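The structure appears below as structure tokens.
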Amino acid sequence: MTDGQLRIAMISVHSCPVGTLGTRDTGGMNVYIMELAGELGKQGHLVDVYTRVHDPADDQIYSLGQNARLIHIKAGAVEQIHKLATYSHLPEFACNVEEFRKTNDLEYDLVFSHYWLSAWVGQYLQEWWHIPHLTMFHTLGAVKNTVGFGEDEPELRVETEKELARSGHRIIAPTEKEKEELVQRYGSSPENISVVPCGVNLELFQPLDKKMAREGLGLDDDNIILFVGRIEPLKGIEQLLKAMTYLKNDRCPRLAIVGGDESSQSHVEKLKELSRELGIEDSVTFFGPIKQERLSYFYSAADVCVISSYYESFGLVALESLACGTPVVTNDVGDSRNIIRQGETGYVITDNEPRHLAEKMDLLLSGPGLDKESVLKIRASVGEFAWSHIAEAITGEFRKVMDSHLAPAP
Ligand code: UDP
């Protein structure tokens, strides 16, 4: 180990960080792991991200850029399985990570796990390797169940999360709200939780000329409203469809919906049916999943990006839209209150009511459109969320935990 360099094992058991974004189980958490691993590697640390192998065509090791690798570990059948089904393979996963570590003569300074399934593995690795374990839950089962949209999260998840949340591992929460939820619902001790927001890739997400972006996408509408994300009930897309019917604007806005694949087809069909019932089917286009490299076209083409989710742990899409200079209207989820400057870079509403979403969308659609200076101002508002800053903040947390791990017991 060179001076100040950390050797980090990141764990993402159920969801391969390089999976197709916008599909059922592949979204913000995958982006977080890829971006953070890449940035930590650039900053000189050594990062290995361990995930379950699900495709026989995959190589065991992939480079994720400078100093960062993705390592596929066998656990259960080599095929795509439901994330809950990975639970019974977690002991095998943990043992095979250890086997890989020994065979390759690796040593780590800390484990950073993502999602409750990985946190379960992380606690074993911590014990075996005598190093600190940090974890990030990304969403909380108990909160999802209270929100009441989408599949119910099983008791196994909620109980395991609760145990992990109380067990003294350092927890990274992306928002103060999640910290409070961990304390209130799971009985975590507040001093074990650090709040560090998620980041945005400011090179990837850049403002493009609106006209050029629209031409590139074949969109010739006067106004464009954008949704980006996984297509699932928790995202509340029906609220956005209903909001479309309350818009005062008579300039024929188009709603572009980005995300979702065959795995979300039944929900897409429900949304299409609702558009027909609402009489707006000709104004809604479903684009399917789009690679992040092309998303700047969508964000830049849009007049407003809307987030009508019932629950977000953080909400990367808001940051990405603002980085492209496009204002956001959102329900009060994730870190939206912290990210959005009310009336300047968008609006946060508190009840996810279609009428209220529409009121704020109207404010953004009815003006003359943004000049270059306003676009750059919106982009500048998220400068502090650059991944380089977030990686430094996370490294600060790593070092604190390592220092207290080394400190002799009083
Ligand atoms: N995303 C993408 N292509 C798509 C849909 C989504 O690249 O077709 C990405 C999007 O850029 C964002 C992430 O998926 O980085 C979604 O993250 P967010 O935190 O908004 O939602 P989550 O998936 O965590 O619920």
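Each chain in the structure tokens gets a letter, A, B and so on, in the order shown; residues start at 1 in every chain, and ligands are counted from 1 in the order they appear.
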
What's the 9 Å shell around region 28-37 of chain A, counting only C-alpha atoms, without same-chain residues fewer than 5 positions away, as a ChimeraX atom specification? /A:10,12,15-19,21-22,42,46-49,64-65,67-69,114-115,138,198-201,229,314-317,387-388,390-391,394

Please tabulate, as JSON lines, the residues of chain A that come within 9 Å of ligand 1, each with its closest pair of atoms and the distance in Å to one decimal, counting only C-alpha atoms and all ligand atoms and ordering rows by chain, then residue number upward.
{"residue": "A:Thr20", "atom": "CA", "partner": "ligand 1", "partner_atom_place_in_ligand_line": "3 (N)", "distance": 7.6}
{"residue": "A:Leu21", "atom": "CA", "partner": "ligand 1", "partner_atom_place_in_ligand_line": "2 (C)", "distance": 4.5}
{"residue": "A:Gly22", "atom": "CA", "partner": "ligand 1", "partner_atom_place_in_ligand_line": "5 (C)", "distance": 3.4}
{"residue": "A:Thr23", "atom": "CA", "partner": "ligand 1", "partner_atom_place_in_ligand_line": "5 (C)", "distance": 7.2}
{"residue": "A:Arg24", "atom": "CA", "partner": "ligand 1", "partner_atom_place_in_ligand_line": "23 (O)", "distance": 8.6}
{"residue": "A:Asp25", "atom": "CA", "partner": "ligand 1", "partner_atom_place_in_ligand_line": "23 (O)", "distance": 7.7}
{"residue": "A:Thr26", "atom": "CA", "partner": "ligand 1", "partner_atom_place_in_ligand_line": "23 (O)", "distance": 6.4}
{"residue": "A:Gly27", "atom": "CA", "partner": "ligand 1", "partner_atom_place_in_ligand_line": "23 (O)", "distance": 3.3}
{"residue": "A:Gly28", "atom": "CA", "partner": "ligand 1", "partner_atom_place_in_ligand_line": "17 (O)", "distance": 3.3}
{"residue": "A:Met29", "atom": "CA", "partner": "ligand 1", "partner_atom_place_in_ligand_line": "24 (O)", "distance": 5.6}
{"residue": "A:Asn30", "atom": "CA", "partner": "ligand 1", "partner_atom_place_in_ligand_line": "13 (C)", "distance": 7.8}
{"residue": "A:Val31", "atom": "CA", "partner": "ligand 1", "partner_atom_place_in_ligand_line": "15 (O)", "distance": 5.6}
{"residue": "A:Tyr32", "atom": "CA", "partner": "ligand 1", "partner_atom_place_in_ligand_line": "15 (O)", "distance": 8.0}
{"residue": "A:His138", "atom": "CA", "partner": "ligand 1", "partner_atom_place_in_ligand_line": "24 (O)", "distance": 7.5}
{"residue": "A:Thr139", "atom": "CA", "partner": "ligand 1", "partner_atom_place_in_ligand_line": "24 (O)", "distance": 8.3}
{"residue": "A:Cys198", "atom": "CA", "partner": "ligand 1", "partner_atom_place_in_ligand_line": "19 (O)", "distance": 8.7}
{"residue": "A:Val200", "atom": "CA", "partner": "ligand 1", "partner_atom_place_in_ligand_line": "15 (O)", "distance": 8.2}
{"residue": "A:Phe227", "atom": "CA", "partner": "ligand 1", "partner_atom_place_in_ligand_line": "5 (C)", "distance": 8.8}
{"residue": "A:Val228", "atom": "CA", "partner": "ligand 1", "partner_atom_place_in_ligand_line": "5 (C)", "distance": 5.2}
{"residue": "A:Gly229", "atom": "CA", "partner": "ligand 1", "partner_atom_place_in_ligand_line": "6 (C)", "distance": 4.0}
{"residue": "A:Arg230", "atom": "CA", "partner": "ligand 1", "partner_atom_place_in_ligand_line": "5 (C)", "distance": 5.6}
{"residue": "A:Ile231", "atom": "CA", "partner": "ligand 1", "partner_atom_place_in_ligand_line": "5 (C)", "distance": 8.5}
{"residue": "A:Leu234", "atom": "CA", "partner": "ligand 1", "partner_atom_place_in_ligand_line": "25 (O)", "distance": 8.5}
{"residue": "A:Lys235", "atom": "CA", "partner": "ligand 1", "partner_atom_place_in_ligand_line": "25 (O)", "distance": 7.6}
{"residue": "A:Ile257", "atom": "CA", "partner": "ligand 1", "partner_atom_place_in_ligand_line": "8 (O)", "distance": 8.7}
{"residue": "A:Val258", "atom": "CA", "partner": "ligand 1", "partner_atom_place_in_ligand_line": "8 (O)", "distance": 5.0}
{"residue": "A:Gly259", "atom": "CA", "partner": "ligand 1", "partner_atom_place_in_ligand_line": "8 (O)", "distance": 3.5}
{"residue": "A:Gly260", "atom": "CA", "partner": "ligand 1", "partner_atom_place_in_ligand_line": "8 (O)", "distance": 6.6}
{"residue": "A:Asp261", "atom": "CA", "partner": "ligand 1", "partner_atom_place_in_ligand_line": "8 (O)", "distance": 8.7}
{"residue": "A:Phe287", "atom": "CA", "partner": "ligand 1", "partner_atom_place_in_ligand_line": "8 (O)", "distance": 8.1}
{"residue": "A:Gly288", "atom": "CA", "partner": "ligand 1", "partner_atom_place_in_ligand_line": "8 (O)", "distance": 6.2}
{"residue": "A:Pro289", "atom": "CA", "partner": "ligand 1", "partner_atom_place_in_ligand_line": "8 (O)", "distance": 3.3}
{"residue": "A:Ile290", "atom": "CA", "partner": "ligand 1", "partner_atom_place_in_ligand_line": "8 (O)", "distance": 3.9}
{"residue": "A:Lys291", "atom": "CA", "partner": "ligand 1", "partner_atom_place_in_ligand_line": "7 (O)", "distance": 5.0}
{"residue": "A:Gln292", "atom": "CA", "partner": "ligand 1", "partner_atom_place_in_ligand_line": "7 (O)", "distance": 4.0}
{"residue": "A:Glu293", "atom": "CA", "partner": "ligand 1", "partner_atom_place_in_ligand_line": "7 (O)", "distance": 7.8}
{"residue": "A:Arg294", "atom": "CA", "partner": "ligand 1", "partner_atom_place_in_ligand_line": "7 (O)", "distance": 8.4}
{"residue": "A:Leu295", "atom": "CA", "partner": "ligand 1", "partner_atom_place_in_ligand_line": "11 (O)", "distance": 6.9}
{"residue": "A:Ile307", "atom": "CA", "partner": "ligand 1", "partner_atom_place_in_ligand_line": "20 (O)", "distance": 8.5}
{"residue": "A:Ser309", "atom": "CA", "partner": "ligand 1", "partner_atom_place_in_ligand_line": "25 (O)", "distance": 8.9}
{"residue": "A:Tyr311", "atom": "CA", "partner": "ligand 1", "partner_atom_place_in_ligand_line": "25 (O)", "distance": 8.4}
{"residue": "A:Glu312", "atom": "CA", "partner": "ligand 1", "partner_atom_place_in_ligand_line": "25 (O)", "distance": 6.1}
{"residue": "A:Ser313", "atom": "CA", "partner": "ligand 1", "partner_atom_place_in_ligand_line": "24 (O)", "distance": 6.9}
{"residue": "A:Phe314", "atom": "CA", "partner": "ligand 1", "partner_atom_place_in_ligand_line": "19 (O)", "distance": 5.8}
{"residue": "A:Gly315", "atom": "CA", "partner": "ligand 1", "partner_atom_place_in_ligand_line": "19 (O)", "distance": 3.7}
{"residue": "A:Leu316", "atom": "CA", "partner": "ligand 1", "partner_atom_place_in_ligand_line": "19 (O)", "distance": 3.8}
{"residue": "A:Val317", "atom": "CA", "partner": "ligand 1", "partner_atom_place_in_ligand_line": "20 (O)", "distance": 4.0}
{"residue": "A:Ala318", "atom": "CA", "partner": "ligand 1", "partner_atom_place_in_ligand_line": "20 (O)", "distance": 6.9}
{"residue": "A:Leu319", "atom": "CA", "partner": "ligand 1", "partner_atom_place_in_ligand_line": "20 (O)", "distance": 8.6}
{"residue": "A:Glu320", "atom": "CA", "partner": "ligand 1", "partner_atom_place_in_ligand_line": "11 (O)", "distance": 6.9}
{"residue": "A:Gly334", "atom": "CA", "partner": "ligand 1", "partner_atom_place_in_ligand_line": "19 (O)", "distance": 8.6}

Residues from last step as file, C-alpha atoms, as a short mmCIF file (atom, residue, chain, number, x, y, z; two decimals), in the first residue's frame:
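Dumped everything to result.cif:
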data_model
loop_
_atom_site.label_atom_id
_atom_site.label_comp_id
_atom_site.auth_asym_id
_atom_site.auth_seq_id
_atom_site.Cartn_x
_atom_site.Cartn_y
_atom_site.Cartn_z
CA THR A 20 -28.47 -2.00 -18.36
CA LEU A 21 -29.67 1.13 -16.57
CA GLY A 22 -33.38 1.81 -16.44
CA THR A 23 -34.30 -1.90 -16.24
CA ARG A 24 -36.04 -3.47 -13.24
CA ASP A 25 -33.24 -3.78 -10.70
CA THR A 26 -30.66 -1.54 -12.34
CA GLY A 27 -30.72 2.15 -11.56
CA GLY A 28 -29.30 4.66 -9.13
CA MET A 29 -27.40 2.18 -6.96
CA ASN A 30 -25.51 0.81 -9.95
CA VAL A 31 -24.60 4.32 -11.07
CA TYR A 32 -23.44 5.12 -7.54
CA HIS A 138 -29.96 2.65 -0.93
CA THR A 139 -33.63 2.09 -0.02
CA CYS A 198 -24.76 11.04 -4.03
CA VAL A 200 -23.35 13.54 -10.62
CA PHE A 227 -39.38 11.40 -17.12
CA VAL A 228 -36.21 9.31 -16.65
CA GLY A 229 -36.01 6.20 -14.49
CA ARG A 230 -36.95 2.62 -13.87
CA ILE A 231 -40.61 2.01 -14.73
CA LEU A 234 -43.02 3.50 -6.80
CA LYS A 235 -42.08 6.04 -9.48
CA ILE A 257 -40.68 8.63 -20.86
CA VAL A 258 -37.21 7.12 -20.69
CA GLY A 259 -36.54 3.75 -19.00
CA GLY A 260 -38.11 0.31 -18.63
CA ASP A 261 -37.59 -2.87 -20.67
CA PHE A 287 -38.43 5.51 -25.39
CA GLY A 288 -37.39 2.44 -23.39
CA PRO A 289 -34.01 2.28 -21.64
CA ILE A 290 -31.41 4.77 -22.89
CA LYS A 291 -27.67 4.62 -22.23
CA GLN A 292 -26.41 7.35 -19.92
CA GLU A 293 -24.07 8.56 -22.68
CA ARG A 294 -27.16 9.65 -24.65
CA LEU A 295 -29.24 11.03 -21.80
CA ILE A 307 -40.12 13.30 -10.67
CA SER A 309 -42.11 9.24 -7.22
CA TYR A 311 -40.23 7.35 -2.59
CA GLU A 312 -36.62 7.89 -3.59
CA SER A 313 -33.63 7.20 -1.42
CA PHE A 314 -31.77 10.08 -3.12
CA GLY A 315 -32.89 10.75 -6.72
CA LEU A 316 -29.95 11.00 -9.15
CA VAL A 317 -32.18 12.05 -12.03
CA ALA A 318 -32.76 15.47 -10.45
CA LEU A 319 -29.01 16.12 -10.31
CA GLU A 320 -28.50 14.93 -13.89
CA GLY A 334 -34.96 11.87 -1.65
#

So, counting only C-alpha atoms, which residue among A:Ile171, A:Lys102, A:Ile378, A:Leu204 is closest to Gly343 (chain A)?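 Of the candidates, the smallest distance to Gly343 (chain A) is held by A:Ile378.
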
Considering only alpha helix (DSSP H) as DSSP defines it on the backbone, what residues of region 145-370 of chain A qualify? List them as an NGL selection string. :A and (145-147 or 155-166 or 176-186 or 210-217 or 237-244 or 265-278 or 292-301 or 316-323 or 336-339 or 354-366)

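Residues in contact with Met244 (chain A) at up to 10 Å, not including ones fewer than 3 positions away on its chain and judged by only C-alpha atoms, are A:Ile225, A:Glu238, A:Gln239, A:Leu240, A:Leu241, A:Leu247, A:Lys248, A:Asn249, A:Pro253, A:Arg254, A:Leu255, A:Ser275, A:Leu278, A:Ile280, A:Ser283, A:Val284, A:Pro354, A:Arg355, A:Leu357, A:Ala358, A:Met361, A:Asp362.
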